[in-house]
Amino acid sequence: MPFSTLMPLIMMLLVFILNIPITYGMLATGAFYLALMGGDLGLILSKTMDTMMTCYVLMAVPLFIFTANVMNSGKVTHAMFEFSKAIVGKKKGALAKVNVVVSLIFSGMTGSAIADAAGIGKMEIDAMEKDGYDKPFSCAITAASATIGPIFPPSIPFVIYAMLSGASVGKLFLGGMLPGILIAVFLFIYVSWISKKRNYPAGNSFANKEFWLSTFRALPALLTPIILLWGIYGGVMTPTEAGAVAAFYALLISVFAYRILGFKDFLKTLKDTASATGQITILTGAASVFSYIVAKEQIPTLMSGFILGITNSPVIFLIICNVLFFVLGMFLDTSVLQFVFLPMILPIVKILGIDLVHFGVLISLNMMIGLTTPPFGFLLFVVAGISKTPFVDIVREILPMIGVLVIVLLLVTFIPEIVLFIPNLMSS
């Protein structure tokens, strides 16, 4: 292998070893490579900016981030929590199940696992602790259920994957619906089992009047995913346009229905959205430069030759990808997996004829499992931080839940129709 091909790989390895932020690492790798190989940095940056400015799909990201920031306000999360309690009712381990239901509902509004765990997580953990649940278990189920966020539509990782792969955002959103519901169902089963074993408390039964009152209070927020999904799948608007409508609707209900967004809060929401969008934009730009180097040195072609020399079976390839991304997810951030490793293997996915929507949902699910997997699962650090719970205690509780998530991952791997059924149904 020539030095020009090895050099960017060695540079990225040093970035991981030295724990340099991935954005700066990719920029440094790109600048060093172009300086060494005599590349035109100005031309590459110009093409990168042109690509980013004309990438219509990428415009959906700040819109979904804004919606998530608005929906994470206190009154909205409280309304969702009370509505979920009314749905679950008087069942063993009720609040743990409420935790899962809230995550499923919130996933239809935020599209982000971190927004889910950080937004409503503290309320869930405090309520469970007050009701007699072990604090580490409360943190673990909060982290595990938050993985539903980027799988059930809408999903920020799906938008980024669509940009990288060319897959349809609408089909990815549809493809994530059944896997997201499956995660919730399997976590429900685990919670039921562990609640009986540990004798966790049952919930309260809600009278019809209380149930409908909690539903009425939650209704404005509950309509957000319905409007978004109806707009996309009804052919009325594109995912980006639906993101704009969802953001505007979230703004309206926060001001008029819940009365939670004053002018100062609005400015803070804009600031937080701009900050998060800036981070993603810089990361995407850095990834574009690195992707140029990867393509120029034909690294995907070399990887294709190596992997196809081992197997040309799509199923075995998916197993290899699952193992690879699961192990990498224990140590690396999802942005590294998505922007560095994914572009290298997408050509192989296309060669083997694997459906891009199926692969996108599968890999996104794998990355979400990585967020809950020690030693560097970011969701674990989030729930540990907001609850002041020792990290090692949460790890002990999360391991069986990771097993539950892996079962869903295997089902999605070996039964593609779990992902493809709804997209195929809607397109037929």
# chains A, B, ... in the order shown; residues from 1 in each chain; ligands from 1
call {"tool": "residues_around", "arguments": {"residues": "Leu342 of chain A", "least_positions_apart": "3", "cutoff": "12 Å", "atoms": "only C-alpha atoms", "output": "MDAnalysis selection string"}}
result
chainID A and resid 160:165 287 291 294 300 303 321 324:325 328 334:339 345:349 359:360 363:364 367
call {"tool": "write_last_selection", "arguments": {"atoms": "N, CA and C atoms", "output": "PDB file, in the first residue's frame"}}
result
ATOM      1  N   ILE A 160     -28.428  12.736   8.195  1.00  0.00           N
ATOM      2  CA  ILE A 160     -27.004  12.749   7.865  1.00  0.00           C
ATOM      3  C   ILE A 160     -26.640  11.530   7.016  1.00  0.00           C
ATOM      4  N   TYR A 161     -27.192  10.368   7.360  1.00  0.00           N
ATOM      5  CA  TYR A 161     -26.935   9.162   6.563  1.00  0.00           C
ATOM      6  C   TYR A 161     -27.440   9.344   5.132  1.00  0.00           C
ATOM      7  N   ALA A 162     -28.604   9.957   4.984  1.00  0.00           N
ATOM      8  CA  ALA A 162     -29.156  10.203   3.645  1.00  0.00           C
ATOM      9  C   ALA A 162     -28.219  11.088   2.838  1.00  0.00           C
ATOM     10  N   MET A 163     -27.625  12.083   3.498  1.00  0.00           N
ATOM     11  CA  MET A 163     -26.678  12.956   2.824  1.00  0.00           C
ATOM     12  C   MET A 163     -25.440  12.189   2.360  1.00  0.00           C
ATOM     13  N   LEU A 164     -24.970  11.268   3.195  1.00  0.00           N
ATOM     14  CA  LEU A 164     -23.764  10.504   2.866  1.00  0.00           C
ATOM     15  C   LEU A 164     -24.011   9.419   1.822  1.00  0.00           C
ATOM     16  N   SER A 165     -25.204   8.829   1.844  1.00  0.00           N
ATOM     17  CA  SER A 165     -25.458   7.646   1.019  1.00  0.00           C
ATOM     18  C   SER A 165     -26.327   7.916  -0.200  1.00  0.00           C
ATOM     19  N   ALA A 287     -15.532  16.484   7.386  1.00  0.00           N
ATOM     20  CA  ALA A 287     -15.733  15.137   6.843  1.00  0.00           C
ATOM     21  C   ALA A 287     -15.689  15.145   5.315  1.00  0.00           C
ATOM     22  N   SER A 291     -13.374  12.870   3.200  1.00  0.00           N
ATOM     23  CA  SER A 291     -13.987  11.971   2.215  1.00  0.00           C
ATOM     24  C   SER A 291     -13.332  12.134   0.843  1.00  0.00           C
ATOM     25  N   VAL A 294     -10.149  10.153   1.028  1.00  0.00           N
ATOM     26  CA  VAL A 294     -10.472   8.726   1.000  1.00  0.00           C
ATOM     27  C   VAL A 294     -10.801   8.273  -0.423  1.00  0.00           C
ATOM     28  N   PRO A 300     -11.930   3.052  -0.286  1.00  0.00           N
ATOM     29  CA  PRO A 300     -13.095   2.158  -0.348  1.00  0.00           C
ATOM     30  C   PRO A 300     -12.906   1.000  -1.316  1.00  0.00           C
ATOM     31  N   MET A 303     -10.751  -1.505   0.452  1.00  0.00           N
ATOM     32  CA  MET A 303     -11.543  -2.213   1.463  1.00  0.00           C
ATOM     33  C   MET A 303     -12.519  -3.183   0.804  1.00  0.00           C
ATOM     34  N   CYS A 321     -20.217  -6.023   9.741  1.00  0.00           N
ATOM     35  CA  CYS A 321     -20.469  -4.608  10.044  1.00  0.00           C
ATOM     36  C   CYS A 321     -21.016  -4.429  11.454  1.00  0.00           C
ATOM     37  N   LEU A 324     -18.143  -4.972  13.870  1.00  0.00           N
ATOM     38  CA  LEU A 324     -17.194  -3.862  13.759  1.00  0.00           C
ATOM     39  C   LEU A 324     -17.737  -2.593  14.412  1.00  0.00           C
ATOM     40  N   PHE A 325     -18.975  -2.224  14.075  1.00  0.00           N
ATOM     41  CA  PHE A 325     -19.533  -0.987  14.616  1.00  0.00           C
ATOM     42  C   PHE A 325     -19.873  -1.121  16.100  1.00  0.00           C
ATOM     43  N   LEU A 328     -16.405  -0.716  17.785  1.00  0.00           N
ATOM     44  CA  LEU A 328     -15.967   0.671  17.650  1.00  0.00           C
ATOM     45  C   LEU A 328     -16.839   1.610  18.482  1.00  0.00           C
ATOM     46  N   THR A 334     -20.383   8.549  17.932  1.00  0.00           N
ATOM     47  CA  THR A 334     -21.148   8.197  16.736  1.00  0.00           C
ATOM     48  C   THR A 334     -20.763   9.049  15.530  1.00  0.00           C
ATOM     49  N   SER A 335     -20.330  10.293  15.767  1.00  0.00           N
ATOM     50  CA  SER A 335     -19.929  11.153  14.650  1.00  0.00           C
ATOM     51  C   SER A 335     -18.723  10.577  13.916  1.00  0.00           C
ATOM     52  N   VAL A 336     -17.823   9.943  14.662  1.00  0.00           N
ATOM     53  CA  VAL A 336     -16.652   9.304  14.038  1.00  0.00           C
ATOM     54  C   VAL A 336     -17.110   8.138  13.164  1.00  0.00           C
ATOM     55  N   LEU A 337     -18.001   7.324  13.705  1.00  0.00           N
ATOM     56  CA  LEU A 337     -18.495   6.172  12.947  1.00  0.00           C
ATOM     57  C   LEU A 337     -19.220   6.620  11.685  1.00  0.00           C
ATOM     58  N   GLN A 338     -20.005   7.687  11.815  1.00  0.00           N
ATOM     59  CA  GLN A 338     -20.836   8.124  10.698  1.00  0.00           C
ATOM     60  C   GLN A 338     -20.039   8.838   9.612  1.00  0.00           C
ATOM     61  N   PHE A 339     -19.088   9.674  10.025  1.00  0.00           N
ATOM     62  CA  PHE A 339     -18.381  10.495   9.043  1.00  0.00           C
ATOM     63  C   PHE A 339     -17.060   9.901   8.566  1.00  0.00           C
ATOM     64  N   ILE A 345     -17.380   2.090   3.770  1.00  0.00           N
ATOM     65  CA  ILE A 345     -18.034   0.800   3.527  1.00  0.00           C
ATOM     66  C   ILE A 345     -19.294   0.909   2.674  1.00  0.00           C
ATOM     67  N   LEU A 346     -19.781   2.131   2.449  1.00  0.00           N
ATOM     68  CA  LEU A 346     -20.981   2.284   1.629  1.00  0.00           C
ATOM     69  C   LEU A 346     -20.813   1.727   0.208  1.00  0.00           C
ATOM     70  N   PRO A 347     -19.628   1.900  -0.428  1.00  0.00           N
ATOM     71  CA  PRO A 347     -19.470   1.285  -1.758  1.00  0.00           C
ATOM     72  C   PRO A 347     -19.658  -0.227  -1.748  1.00  0.00           C
ATOM     73  N   ILE A 348     -19.241  -0.886  -0.663  1.00  0.00           N
ATOM     74  CA  ILE A 348     -19.405  -2.344  -0.564  1.00  0.00           C
ATOM     75  C   ILE A 348     -20.886  -2.691  -0.439  1.00  0.00           C
ATOM     76  N   VAL A 349     -21.627  -1.870   0.317  1.00  0.00           N
ATOM     77  CA  VAL A 349     -23.071  -2.069   0.472  1.00  0.00           C
ATOM     78  C   VAL A 349     -23.745  -2.055  -0.896  1.00  0.00           C
ATOM     79  N   PHE A 359     -29.831  -0.846   5.430  1.00  0.00           N
ATOM     80  CA  PHE A 359     -28.498  -0.680   6.010  1.00  0.00           C
ATOM     81  C   PHE A 359     -28.439   0.572   6.890  1.00  0.00           C
ATOM     82  N   GLY A 360     -29.100   1.645   6.461  1.00  0.00           N
ATOM     83  CA  GLY A 360     -29.083   2.882   7.231  1.00  0.00           C
ATOM     84  C   GLY A 360     -29.723   2.723   8.595  1.00  0.00           C
ATOM     85  N   ILE A 363     -27.402   0.357  10.795  1.00  0.00           N
ATOM     86  CA  ILE A 363     -26.198   1.010  11.304  1.00  0.00           C
ATOM     87  C   ILE A 363     -26.548   2.076  12.338  1.00  0.00           C
ATOM     88  N   SER A 364     -27.637   2.806  12.111  1.00  0.00           N
ATOM     89  CA  SER A 364     -28.052   3.815  13.089  1.00  0.00           C
ATOM     90  C   SER A 364     -28.421   3.162  14.419  1.00  0.00           C
ATOM     91  N   MET A 367     -25.261   2.246  16.140  1.00  0.00           N
ATOM     92  CA  MET A 367     -24.614   3.416  16.746  1.00  0.00           C
ATOM     93  C   MET A 367     -25.321   3.841  18.026  1.00  0.00           C
TER      94      MET A 367
END
call {"tool": "residues_around", "arguments": {"residues": "Ala96 of chain A", "least_positions_apart": "3", "cutoff": "12 Å", "atoms": "only C-alpha atoms", "output": "number ranges by chain"}}
result
A: 81, 84-85, 88-89, 91-93, 99-103, 121, 124-129, 131-135, 137-145, 184, 187-195, 200-203
call {"tool": "closest_atom_pairs", "arguments": {"of": "segment 114-173 of chain A", "to": "segment 233-240 of chain A", "cutoff": "10 Å", "atoms": "only C-alpha atoms", "output": "Markdown table"}}
result
| residue | atom | partner | partner_atom | distance |
| --- | --- | --- | --- | --- |
| A:Pro154 | CA | A:Pro239 | CA | 8.8 |
| A:Val159 | CA | A:Pro239 | CA | 8.9 |
| A:Ser168 | CA | A:Pro239 | CA | 9.6 |
| A:Val169 | CA | A:Pro239 | CA | 6.8 |
| A:Gly170 | CA | A:Pro239 | CA | 6.5 |
| A:Lys171 | CA | A:Tyr233 | CA | 9.1 |
| A:Phe173 | CA | A:Pro239 | CA | 9.2 |
call {"tool": "select_by_dssp", "arguments": {"residues": "segment 199-298 of chain A", "states": "alpha helix (DSSP H)", "output": "count of residues only"}}
result
74
call {"tool": "closest_residue", "arguments": {"among": "A:Leu379, A:Val70, A:Val395, A:Ile156", "to": "Ala247 of chain A", "atoms": "only C-alpha atoms"}}
result
A:Val70
call {"tool": "closest_residue", "arguments": {"among": "A:Pro62, A:Gly180, A:Pro343, A:Gly38", "to": "Thr281 of chain A", "atoms": "only C-alpha atoms"}}
result
A:Pro62
call {"tool": "atom_distance", "arguments": {"atom1": "atom CA of Ile354 of chain A", "atom2": "atom CA of Val315 of chain A"}}
result
9.2 Å
call {"tool": "closest_residue", "arguments": {"among": "A:Leu228, A:Ile415, A:Ile422, A:Ala118", "to": "Phe248 of chain A", "atoms": "only C-alpha atoms"}}
result
A:Leu228
call {"tool": "decode", "arguments": {"residues": "segment 131-206 of chain A", "atoms": "C-alpha atoms", "output": "tab-separated table (two decimals), in the first residue's frame"}}
result
chain	number	residue	atom	x	y	z
A	131	ASP	CA	-41.41	5.97	43.91
A	132	GLY	CA	-38.86	3.48	45.28
A	133	TYR	CA	-36.82	2.43	42.25
A	134	ASP	CA	-33.07	1.91	42.48
A	135	LYS	CA	-31.36	5.02	41.11
A	136	PRO	CA	-28.86	3.15	38.88
A	137	PHE	CA	-31.76	1.19	37.30
A	138	SER	CA	-33.68	4.43	36.73
A	139	CYS	CA	-30.65	5.92	34.97
A	140	ALA	CA	-30.08	2.78	32.90
A	141	ILE	CA	-33.66	2.51	31.60
A	142	THR	CA	-33.58	6.25	30.79
A	143	ALA	CA	-30.42	5.77	28.71
A	144	ALA	CA	-31.68	2.58	27.03
A	145	SER	CA	-35.08	4.03	26.11
A	146	ALA	CA	-33.45	7.20	24.74
A	147	THR	CA	-32.00	5.10	21.91
A	148	ILE	CA	-35.51	5.05	20.39
A	149	GLY	CA	-35.16	8.79	19.63
A	150	PRO	CA	-33.04	8.57	16.46
A	151	ILE	CA	-34.71	5.35	15.23
A	152	PHE	CA	-38.39	6.30	15.32
A	153	PRO	CA	-39.00	9.24	12.94
A	154	PRO	CA	-37.89	11.96	12.67
A	155	SER	CA	-34.18	11.28	13.07
A	156	ILE	CA	-31.14	13.53	12.76
A	157	PRO	CA	-28.78	10.55	12.15
A	158	PHE	CA	-31.06	9.41	9.30
A	159	VAL	CA	-30.81	12.85	7.70
A	160	ILE	CA	-27.00	12.75	7.86
A	161	TYR	CA	-26.93	9.16	6.56
A	162	ALA	CA	-29.16	10.20	3.64
A	163	MET	CA	-26.68	12.96	2.82
A	164	LEU	CA	-23.76	10.50	2.87
A	165	SER	CA	-25.46	7.65	1.02
A	166	GLY	CA	-28.07	9.23	-1.22
A	167	ALA	CA	-30.84	7.17	0.39
A	168	SER	CA	-34.35	8.62	0.66
A	169	VAL	CA	-34.94	10.45	3.94
A	170	GLY	CA	-38.66	9.69	3.76
A	171	LYS	CA	-38.05	5.95	3.35
A	172	LEU	CA	-35.50	5.99	6.19
A	173	PHE	CA	-38.06	7.65	8.46
A	174	LEU	CA	-40.67	5.03	7.51
A	175	GLY	CA	-38.11	2.25	7.89
A	176	GLY	CA	-37.34	3.29	11.47
A	177	MET	CA	-40.92	3.03	12.70
A	178	LEU	CA	-41.16	-0.73	13.34
A	179	PRO	CA	-37.61	-1.06	14.81
A	180	GLY	CA	-38.38	1.87	17.16
A	181	ILE	CA	-41.59	0.20	18.31
A	182	LEU	CA	-39.74	-3.12	18.69
A	183	ILE	CA	-37.19	-1.51	21.01
A	184	ALA	CA	-40.04	-0.17	23.16
A	185	VAL	CA	-41.81	-3.57	23.23
A	186	PHE	CA	-38.67	-5.50	24.18
A	187	LEU	CA	-37.75	-2.98	26.88
A	188	PHE	CA	-41.34	-3.29	28.18
A	189	ILE	CA	-40.88	-7.06	28.46
A	190	TYR	CA	-37.58	-6.65	30.31
A	191	VAL	CA	-39.06	-4.04	32.66
A	192	SER	CA	-42.02	-6.34	33.44
A	193	TRP	CA	-39.65	-9.20	34.32
A	194	ILE	CA	-37.26	-7.15	36.44
A	195	SER	CA	-40.12	-5.34	38.20
A	196	LYS	CA	-41.63	-8.63	39.38
A	197	LYS	CA	-38.20	-9.91	40.42
A	198	ARG	CA	-37.37	-6.77	42.46
A	199	ASN	CA	-40.95	-5.99	43.47
A	200	TYR	CA	-40.95	-2.52	42.00
A	201	PRO	CA	-44.12	-0.53	42.74
A	202	ALA	CA	-47.22	-0.47	40.57
A	203	GLY	CA	-48.64	2.73	39.15
A	204	ASN	CA	-51.86	4.54	39.89
A	205	SER	CA	-55.08	3.92	38.03
A	206	PHE	CA	-56.49	6.95	36.26
